[in-house]
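Chemist: The structure file target.cif (mmCIF, C-alpha atoms) is provided below.
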data_work
loop_
_atom_site.label_atom_id
_atom_site.label_comp_id
_atom_site.auth_asym_id
_atom_site.auth_seq_id
_atom_site.Cartn_x
_atom_site.Cartn_y
_atom_site.Cartn_z
CA MET A 1 -53.71 72.41 27.09
CA ARG A 2 -55.73 70.07 24.89
CA HIS A 3 -52.64 67.95 24.09
CA THR A 4 -51.83 67.69 27.78
CA SER A 5 -55.34 66.44 28.48
CA ILE A 6 -55.09 63.83 25.72
CA ILE A 7 -51.69 62.68 26.95
CA LEU A 8 -52.94 62.44 30.55
CA ASN A 9 -56.02 60.47 29.47
CA LEU A 10 -53.89 58.13 27.35
CA GLY A 11 -51.50 57.68 30.25
CA MET A 12 -54.39 56.79 32.59
CA VAL A 13 -55.77 54.27 30.10
CA LEU A 14 -52.36 52.64 29.66
CA ALA A 15 -51.72 52.58 33.43
CA SER A 16 -55.13 51.03 34.00
CA ALA A 17 -54.53 48.38 31.33
CA PHE A 18 -51.10 47.60 32.76
CA ALA A 19 -52.48 47.33 36.29
CA HIS A 20 -55.29 45.05 35.08
CA GLU A 21 -52.85 42.81 33.18
CA THR A 22 -50.43 42.72 36.12
CA HIS A 23 -53.23 41.75 38.51
CA ASN A 24 -54.38 38.98 36.19
CA SER A 25 -50.92 37.79 35.14
CA LYS A 26 -51.50 34.48 36.92
CA LYS A 27 -54.56 33.91 34.76
CA LEU A 28 -53.15 34.60 31.30
CA GLU A 29 -50.12 32.54 30.37
CA THR A 30 -50.64 30.77 27.05
CA PRO A 31 -53.92 29.92 25.28
CA SER A 32 -53.43 26.27 26.27
CA GLN A 33 -52.69 27.21 29.88
CA GLU A 34 -55.65 29.58 29.93
CA ASN A 35 -57.94 26.75 28.73
CA LYS A 36 -56.64 24.50 31.50
CA LEU A 37 -57.19 27.20 34.11
CA ASN A 38 -60.72 27.73 32.79
CA GLU A 39 -61.42 23.99 33.06
CA ILE A 40 -60.06 23.94 36.62
CA ASN A 41 -62.23 26.95 37.46
CA GLU A 42 -65.36 25.31 36.03
CA ALA A 43 -64.79 22.28 38.25
CA TYR A 44 -64.00 24.55 41.20
CA VAL A 45 -67.24 26.51 40.80
CA LYS A 46 -69.33 23.32 40.61
CA GLN A 47 -67.60 21.11 43.18
CA VAL A 48 -65.55 23.19 45.62
CA LYS A 49 -66.78 26.77 45.71
CA PRO A 50 -69.95 25.93 47.69
CA ILE A 51 -67.74 24.30 50.34
CA PHE A 52 -65.36 27.25 50.42
CA GLN A 53 -68.30 29.67 50.61
CA ALA A 54 -69.56 27.91 53.72
CA LYS A 55 -66.19 27.25 55.36
CA CYS A 56 -63.63 29.76 54.06
CA PHE A 57 -65.21 32.90 52.65
CA ASP A 58 -65.59 34.73 55.97
CA CYS A 59 -61.81 35.22 56.06
CA HIS A 60 -60.66 34.48 52.50
CA SER A 61 -62.98 36.71 50.45
CA GLN A 62 -64.67 40.05 50.25
CA PHE A 63 -67.93 38.36 51.28
CA THR A 64 -67.32 38.24 55.04
CA LYS A 65 -70.36 37.68 57.24
CA PHE A 66 -69.37 39.38 60.47
CA PRO A 67 -70.57 37.88 63.76
CA TRP A 68 -72.67 39.85 66.24
CA TYR A 69 -69.64 40.43 68.48
CA TYR A 70 -67.67 42.11 65.68
CA SER A 71 -68.69 45.55 66.96
CA PHE A 72 -66.53 45.26 70.10
CA PRO A 73 -63.33 47.27 69.43
CA LEU A 74 -60.65 44.73 70.42
CA ILE A 75 -62.51 41.88 68.77
CA LYS A 76 -63.11 43.96 65.62
CA SER A 77 -59.41 44.70 65.38
CA ALA A 78 -58.44 41.03 65.83
CA ILE A 79 -60.96 39.87 63.22
CA ASP A 80 -59.87 42.56 60.75
CA ASN A 81 -56.22 41.51 61.18
CA ASP A 82 -57.10 37.83 60.71
CA ILE A 83 -59.03 38.61 57.52
CA GLN A 84 -56.21 40.75 56.13
CA GLU A 85 -53.70 37.97 56.78
CA ALA A 86 -55.99 35.31 55.33
CA LYS A 87 -56.56 37.26 52.11
CA ARG A 88 -52.82 37.80 51.68
CA HIS A 89 -52.54 34.01 51.37
CA PHE A 90 -55.76 33.31 49.48
CA ASP A 91 -58.57 35.51 48.28
CA PHE A 92 -61.35 33.33 46.87
CA SER A 93 -63.52 36.31 45.84
CA ASP A 94 -62.92 35.95 42.09
CA ASP A 95 -62.82 32.17 41.62
CA PHE A 96 -59.80 30.26 40.27
CA PRO A 97 -57.02 31.18 39.84
CA PHE A 98 -57.17 32.79 43.25
CA ARG A 99 -55.64 36.06 44.27
CA GLY A 100 -52.94 35.77 46.87
CA HIS A 101 -49.38 34.72 47.16
CA GLY A 102 -48.84 31.94 44.67
CA ILE A 103 -49.21 30.68 41.16
CA PRO A 104 -52.06 28.23 40.44
CA ARG A 105 -49.98 25.07 40.97
CA GLU A 106 -48.63 26.40 44.29
CA ASP A 107 -52.12 27.41 45.40
CA ILE A 108 -53.47 23.92 44.71
CA GLN A 109 -50.56 22.35 46.62
CA ALA A 110 -51.14 24.67 49.57
CA ILE A 111 -54.87 23.83 49.66
CA GLN A 112 -54.03 20.13 49.47
CA GLU A 113 -51.67 20.40 52.45
CA VAL A 114 -54.20 22.34 54.51
CA ILE A 115 -56.97 19.84 53.72
CA GLN A 116 -54.77 16.84 54.52
CA ARG A 117 -53.58 18.36 57.80
CA GLY A 118 -57.02 19.68 58.72
CA THR A 119 -55.62 23.04 59.80
CA MET A 120 -58.30 25.20 58.20
CA PRO A 121 -60.38 26.78 59.41
CA PRO A 122 -58.22 27.46 62.47
CA LEU A 123 -59.34 26.04 65.79
CA ARG A 124 -60.17 29.43 67.32
CA TYR A 125 -62.53 30.09 64.41
CA ARG A 126 -64.11 26.61 64.63
CA ILE A 127 -64.77 27.05 68.33
CA LEU A 128 -67.05 30.00 67.63
CA HIS A 129 -68.42 28.60 64.34
CA LEU A 130 -69.25 24.98 65.06
CA LYS A 131 -70.35 24.11 61.51
CA SER A 132 -67.17 25.47 59.90
CA LYS A 133 -65.09 22.30 60.15
CA VAL A 134 -64.56 20.65 56.76
CA THR A 135 -66.30 17.25 56.79
CA LEU A 136 -64.86 14.05 55.35
CA ASP A 137 -67.24 14.24 52.38
CA GLU A 138 -66.19 17.84 51.73
CA LYS A 139 -62.51 16.90 51.99
CA GLU A 140 -63.13 14.15 49.44
CA GLN A 141 -64.78 16.64 47.04
CA ILE A 142 -61.89 19.08 47.41
CA MET A 143 -59.31 16.32 46.90
CA LYS A 144 -61.07 15.17 43.69
CA TRP A 145 -60.81 18.72 42.39
CA ILE A 146 -57.14 18.88 43.39
CA VAL A 147 -56.37 15.62 41.55
CA LEU A 148 -58.15 16.89 38.43
CA SER A 149 -56.35 20.23 38.68
CA ASN A 150 -52.94 18.62 39.08
CA LYS A 151 -53.55 16.40 36.03
CA LEU A 152 -54.54 19.37 33.92
CA LEU A 153 -51.54 21.42 35.03
CA GLU A 154 -49.10 18.55 34.38
CA ASN A 155 -49.98 18.33 30.70
#
Can the structure from this file be put into structure tokens for me?

Modeler:
Amino acid sequence: MRHTSIILNLGMVLASAFAHETHNSKKLETPSQENKLNEINEAYVKQVKPIFQAKCFDCHSQFTKFPWYYSFPLIKSAIDNDIQEAKRHFDFSDDFPFRGHGIPREDIQAIQEVIQRGTMPPLRYRILHLKSKVTLDEKEQIMKWIVLSNKLLEN
């Protein structure tokens, strides 16, 4: 009985460690790569995160600020679905590298495309949240971070 308990506890510890490493596999590649990702994250936190908090976090993080009309059943369902879909692509909750569908280089490219096309936040969100549109100054800040990130990832 005691051996079974020890084996089960060891198994849970190993499973937890494996799950943690699997979840963070984008973050830990090589020491050099990890340093680059840390540098990109530092710049992100200083330059871009405040913009993303104001413009993106309602759908792309665990820090959603729900509007007053969220309590209506059909609207609640639509918002919940939108948030689920958004977080499958990008989840900004834990800084860079982001959780979602890609590796860091792909994530940066996807953000660059969205910023250049001006497709985020989506129009139906911007209609109800007038201050959510990314301004030219904010786009410039994000693009500076993208250029820095691309340079670091190239080397």

Chemist: Give me the residues near region 111-116 of chain A as a VMD selection string, where near means some atom within 12 Å (using all atoms listed in the file) and where sequence neighbours in that chain fewer than 3 positions away do not count.

Modeler: chain A and resid 48 52 55 to 56 89 to 90 92 98 102 104 to 108 119 to 122 133 to 147 149 to 150

Chemist: Using all atoms listed in the file, which of A:His129, A:Ile40, A:Ile103, A:Ile83 sits nearest Phe57 (chain A)?

Modeler: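 Selected residue with least distance to Phe57 (chain A): A:Ile83.
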
Chemist: Just to confirm, what's the straight-line distance from CA of Lys49 (chain A) to CA of Ile75 (chain A) in Å (one decimal)?

Modeler: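 The value is 27.9 Å.
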
Chemist: Let me have the centre and edge lengths in Å, one decimal, of the box along x, y and z around every listed atom of region 48-65 of chain A with 5 Å of margin on each side, as lines of an AutoDock Vina configuration file.

Modeler:
center_x = -65.5
center_y = 31.6
center_z = 51.4
size_x = 19.7
size_y = 26.9
size_z = 21.6

Chemist: Given all atoms listed in the file as the basis, pick out the residue of A:Leu153, A:Ile79, A:Ala110, A:Leu74 nearest to Glu34 (chain A).

Modeler: A:Leu153

Chemist: If you measure from CA of Gly118 (chain A) to CA of Lys151 (chain A), what distance in Å do you get, rounded to one decimal?

Modeler: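 Between CA of Gly118 (chain A) and CA of Lys151 (chain A) the gap is 23.2 Å.
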
Chemist: Which is closer to Pro97 (chain A) than all the others in A:Lys76, A:Lys36, A:Arg126, A:Arg117, using all atoms listed in the file?

Modeler: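 Of all the options, A:Lys36 lies closest to Pro97 (chain A).
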
Chemist: Could you tell me how far CA of Asp82 (chain A) lies from CA of Cys59 (chain A), in Å and to one decimal?

Modeler: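 Separating CA of Asp82 (chain A) from CA of Cys59 (chain A) is a distance of 7.1 Å.
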
Chemist: Under the PyMOL selection byres ((chain A and resi 94) around 12), which residues of this model are included? Write them out as a list in words.

Modeler: His23, Asn24, Lys27, Asn41, Tyr44, Val45, Lys49, Gln53, Phe57, His60, Ser61, Gln62, Phe63, Lys87, Phe90, Asp91, Phe92, Ser93, Asp95, Phe96, Pro97, Phe98, Arg99 and Gly100 of chain A

Chemist: Go through A:Ser77, A:Thr30, A:Gln47, A:Gln84 and flag the residue nearest Thr64 (chain A), using only C-alpha atoms for the distances.

Modeler: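 Of A:Ser77, A:Thr30, A:Gln47, A:Gln84, the one nearest Thr64 (chain A) is A:Gln84, counting only C-alpha atoms.
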
Chemist: Could you model all heavy atoms for region 34-45 of chain A and present them as a short mmCIF file (atom, residue, chain, number, x, y, z; two decimals), in the coordinates of the input?

Modeler:
data_model
loop_
_atom_site.label_atom_id
_atom_site.label_comp_id
_atom_site.auth_asym_id
_atom_site.auth_seq_id
_atom_site.Cartn_x
_atom_site.Cartn_y
_atom_site.Cartn_z
N GLU A 34 -54.41 28.89 29.60
CA GLU A 34 -55.65 29.58 29.93
C GLU A 34 -56.83 28.62 29.86
O GLU A 34 -57.72 28.64 30.72
CB GLU A 34 -55.86 30.77 28.99
CG GLU A 34 -57.04 31.63 29.39
CD GLU A 34 -57.20 32.86 28.52
OE1 GLU A 34 -56.33 33.14 27.68
OE2 GLU A 34 -58.23 33.53 28.69
N ASN A 35 -56.87 27.74 28.84
CA ASN A 35 -57.94 26.75 28.73
C ASN A 35 -57.93 25.80 29.92
O ASN A 35 -58.98 25.44 30.44
CB ASN A 35 -57.80 25.96 27.42
CG ASN A 35 -58.15 26.80 26.21
OD1 ASN A 35 -58.84 27.81 26.31
ND2 ASN A 35 -57.64 26.40 25.06
N LYS A 36 -56.75 25.39 30.34
CA LYS A 36 -56.64 24.50 31.50
C LYS A 36 -57.14 25.19 32.76
O LYS A 36 -57.86 24.59 33.56
CB LYS A 36 -55.19 24.04 31.69
CG LYS A 36 -54.70 23.12 30.60
CD LYS A 36 -53.24 22.80 30.76
CE LYS A 36 -52.72 21.97 29.59
NZ LYS A 36 -51.30 21.67 29.72
N LEU A 37 -56.75 26.45 32.93
CA LEU A 37 -57.19 27.20 34.11
C LEU A 37 -58.71 27.39 34.09
O LEU A 37 -59.36 27.31 35.13
CB LEU A 37 -56.47 28.54 34.19
CG LEU A 37 -54.97 28.48 34.43
CD1 LEU A 37 -54.37 29.88 34.42
CD2 LEU A 37 -54.63 27.77 35.72
N ASN A 38 -59.27 27.62 32.91
CA ASN A 38 -60.72 27.73 32.79
C ASN A 38 -61.41 26.43 33.16
O ASN A 38 -62.45 26.43 33.83
CB ASN A 38 -61.12 28.16 31.37
CG ASN A 38 -60.82 29.61 31.10
OD1 ASN A 38 -60.71 30.43 32.01
ND2 ASN A 38 -60.66 29.94 29.83
N GLU A 39 -60.85 25.31 32.73
CA GLU A 39 -61.42 23.99 33.06
C GLU A 39 -61.34 23.74 34.57
O GLU A 39 -62.29 23.23 35.17
CB GLU A 39 -60.70 22.90 32.28
CG GLU A 39 -61.40 21.57 32.34
CD GLU A 39 -60.80 20.54 31.39
OE1 GLU A 39 -60.14 20.91 30.40
OE2 GLU A 39 -61.01 19.33 31.66
N ILE A 40 -60.22 24.08 35.16
CA ILE A 40 -60.06 23.94 36.62
C ILE A 40 -61.07 24.82 37.33
O ILE A 40 -61.71 24.40 38.30
CB ILE A 40 -58.62 24.29 37.05
CG1 ILE A 40 -57.63 23.26 36.51
CG2 ILE A 40 -58.51 24.40 38.57
CD1 ILE A 40 -56.17 23.65 36.64
N ASN A 41 -61.27 26.05 36.84
CA ASN A 41 -62.23 26.95 37.46
C ASN A 41 -63.66 26.43 37.35
O ASN A 41 -64.43 26.51 38.31
CB ASN A 41 -62.14 28.35 36.86
CG ASN A 41 -63.06 29.32 37.57
OD1 ASN A 41 -62.97 29.48 38.79
ND2 ASN A 41 -63.94 29.94 36.84
N GLU A 42 -64.01 25.87 36.20
CA GLU A 42 -65.36 25.31 36.03
C GLU A 42 -65.61 24.22 37.07
O GLU A 42 -66.68 24.17 37.69
CB GLU A 42 -65.55 24.75 34.63
CG GLU A 42 -65.70 25.81 33.56
CD GLU A 42 -65.82 25.23 32.16
OE1 GLU A 42 -66.29 24.08 32.02
OE2 GLU A 42 -65.43 25.92 31.21
N ALA A 43 -64.65 23.34 37.25
CA ALA A 43 -64.79 22.28 38.25
C ALA A 43 -64.83 22.87 39.66
O ALA A 43 -65.61 22.42 40.51
CB ALA A 43 -63.64 21.28 38.12
N TYR A 44 -64.01 23.89 39.90
CA TYR A 44 -64.00 24.55 41.20
C TYR A 44 -65.38 25.13 41.52
O TYR A 44 -65.92 24.91 42.61
CB TYR A 44 -62.94 25.67 41.23
CG TYR A 44 -63.13 26.64 42.36
CD1 TYR A 44 -62.77 26.29 43.67
CD2 TYR A 44 -63.69 27.89 42.15
CE1 TYR A 44 -62.97 27.17 44.72
CE2 TYR A 44 -63.89 28.77 43.20
CZ TYR A 44 -63.53 28.41 44.48
OH TYR A 44 -63.74 29.28 45.52
N VAL A 45 -65.95 25.85 40.57
CA VAL A 45 -67.24 26.51 40.80
C VAL A 45 -68.33 25.48 41.11
O VAL A 45 -69.16 25.69 41.99
CB VAL A 45 -67.62 27.39 39.58
CG1 VAL A 45 -69.06 27.87 39.66
CG2 VAL A 45 -66.67 28.58 39.49
#
